[in-house]
Amino acid sequence: MHTKPRTITGRIERHARIRARMAGTAARPRLAVYKSNRYLHAQIIDDTTGKTLLSGSTKGAAAGIKKVDAATKLGAELAAKAKAAGITEVVFDRGGFRYTGRVAVLATAAREGGLKF
């Protein structure tokens with residue numbers, strides 16, 4: 001019998017638990033983060049309407065720089081885009097990933113860019 005590795009199902013279960021208690025509104029949208037082995041993706045989402053307000057990825061910026069530096073750049077870019085769109089407060093959804101490494105760096109850069117969590 002073939003089953004998924006525990007690390008993948010554990011993250012999915014953690015993410016489901018987190019999402020059951022968290023939702024983004026128009027006043028305070030959700031900053032959702034997804035981390036793959038190579039890239040980092042982030043979206044600012046209004047869950048009441050089900051629309052993605054802003055998005056960004058390290059896909060274009062990751063050429064030739066370290067993953068952590070790309071995450072810092074992505075956090076700063078998202079904060080600047082959010083500020084231009086009039087968004088100052090967000091709910092941080094780490095997507096079941098541990099708050100360390102690239103996820104923490106992205107959050108710190110977004111905070112330094114002016115977003116409040």
# chains A, B, ... in the order shown; residues from 1 in each chain; ligands from 1
>>> residues_around(residues="Arg111 (chain A)", least_positions_apart="6", cutoff="10 Å", atoms="only C-alpha atoms", output="number ranges by chain")
A: 75-76, 79, 88-89, 105, 117
>>> residues_around(residues="Ala109 (chain A)", least_positions_apart="3", cutoff="10 Å", atoms="only C-alpha atoms", output="list in words")
Ala71, Thr72, Lys73, Leu74, Gly75, Ala76, Glu77, Leu78, Ala79, Ala104, Val105, Leu106, Glu112, Gly113, Gly114 and Leu115 of chain A
>>> closest_atom_pairs(of="region 38-87 of chain A", to="region 10-30 of chain A", cutoff="8 Å", atoms="only C-alpha atoms", output="JSON lines")
{"residue": "A:Gln43", "atom": "CA", "partner": "A:Arg30", "partner_atom": "CA", "distance": 7.8}
{"residue": "A:Ile44", "atom": "CA", "partner": "A:Arg30", "partner_atom": "CA", "distance": 5.4}
{"residue": "A:Ile45", "atom": "CA", "partner": "A:Arg30", "partner_atom": "CA", "distance": 5.1}
{"residue": "A:Asp46", "atom": "CA", "partner": "A:Pro29", "partner_atom": "CA", "distance": 4.9}
{"residue": "A:Asp47", "atom": "CA", "partner": "A:Gly24", "partner_atom": "CA", "distance": 5.0}
{"residue": "A:Thr48", "atom": "CA", "partner": "A:Thr25", "partner_atom": "CA", "distance": 5.7}
{"residue": "A:Ile87", "atom": "CA", "partner": "A:Arg28", "partner_atom": "CA", "distance": 7.7}
>>> write_last_selection(atoms="N, CA and C atoms", output="compact mmCIF listing (two decimals), in the first residue's frame")
# COMPACT_ATOMS: atom_id res chain seq x y z
N GLN A 43 0.15 35.61 -1.43
CA GLN A 43 -1.05 36.28 -1.94
C GLN A 43 -1.72 37.02 -0.80
N ILE A 44 -2.31 38.15 -1.11
CA ILE A 44 -3.17 38.85 -0.15
C ILE A 44 -4.59 38.64 -0.65
N ILE A 45 -5.41 37.98 0.19
CA ILE A 45 -6.71 37.47 -0.23
C ILE A 45 -7.81 38.04 0.65
N ASP A 46 -8.91 38.45 0.02
CA ASP A 46 -10.14 38.82 0.73
C ASP A 46 -11.05 37.61 0.68
N ASP A 47 -11.21 36.92 1.81
CA ASP A 47 -11.98 35.68 1.84
C ASP A 47 -13.49 35.90 1.77
N THR A 48 -13.97 37.09 2.10
CA THR A 48 -15.41 37.32 2.04
C THR A 48 -15.90 37.32 0.59
N ILE A 87 -3.90 48.91 1.78
CA ILE A 87 -3.98 47.84 2.77
C ILE A 87 -2.87 48.05 3.79
>>> atom_distance(atom1="CA of Lys81 (chain A)", atom2="CA of Ser55 (chain A)")
9.0 Å
>>> residues_around(residues="region 58-61 of chain A", least_positions_apart="2", cutoff="7 Å", atoms="only C-alpha atoms", output="list of chain:residue names")
A:Tyr39, A:Leu40, A:His41, A:Ala63, A:Ala70, A:Ala71, A:Leu74
>>> select_by_dssp(residues="region 36-106 of chain A", states="alpha helix (DSSP H)", output="ChimeraX atom specification")
/A:67-85,102-106
>>> closest_residue(among="A:Ala107, A:Asp69, A:Asn37, A:Gly56", to="Phe92 (chain A)", atoms="only C-alpha atoms")
A:Ala107
>>> atom_distance(atom1="CA of Ala82 (chain A)", atom2="CA of Gly95 (chain A)")
19.8 Å
>>> select_by_dssp(residues="chain A", states="strand (DSSP E or B)", output="ChimeraX atom specification")
/A:30-35,40-46,51-57,89,91-93,116
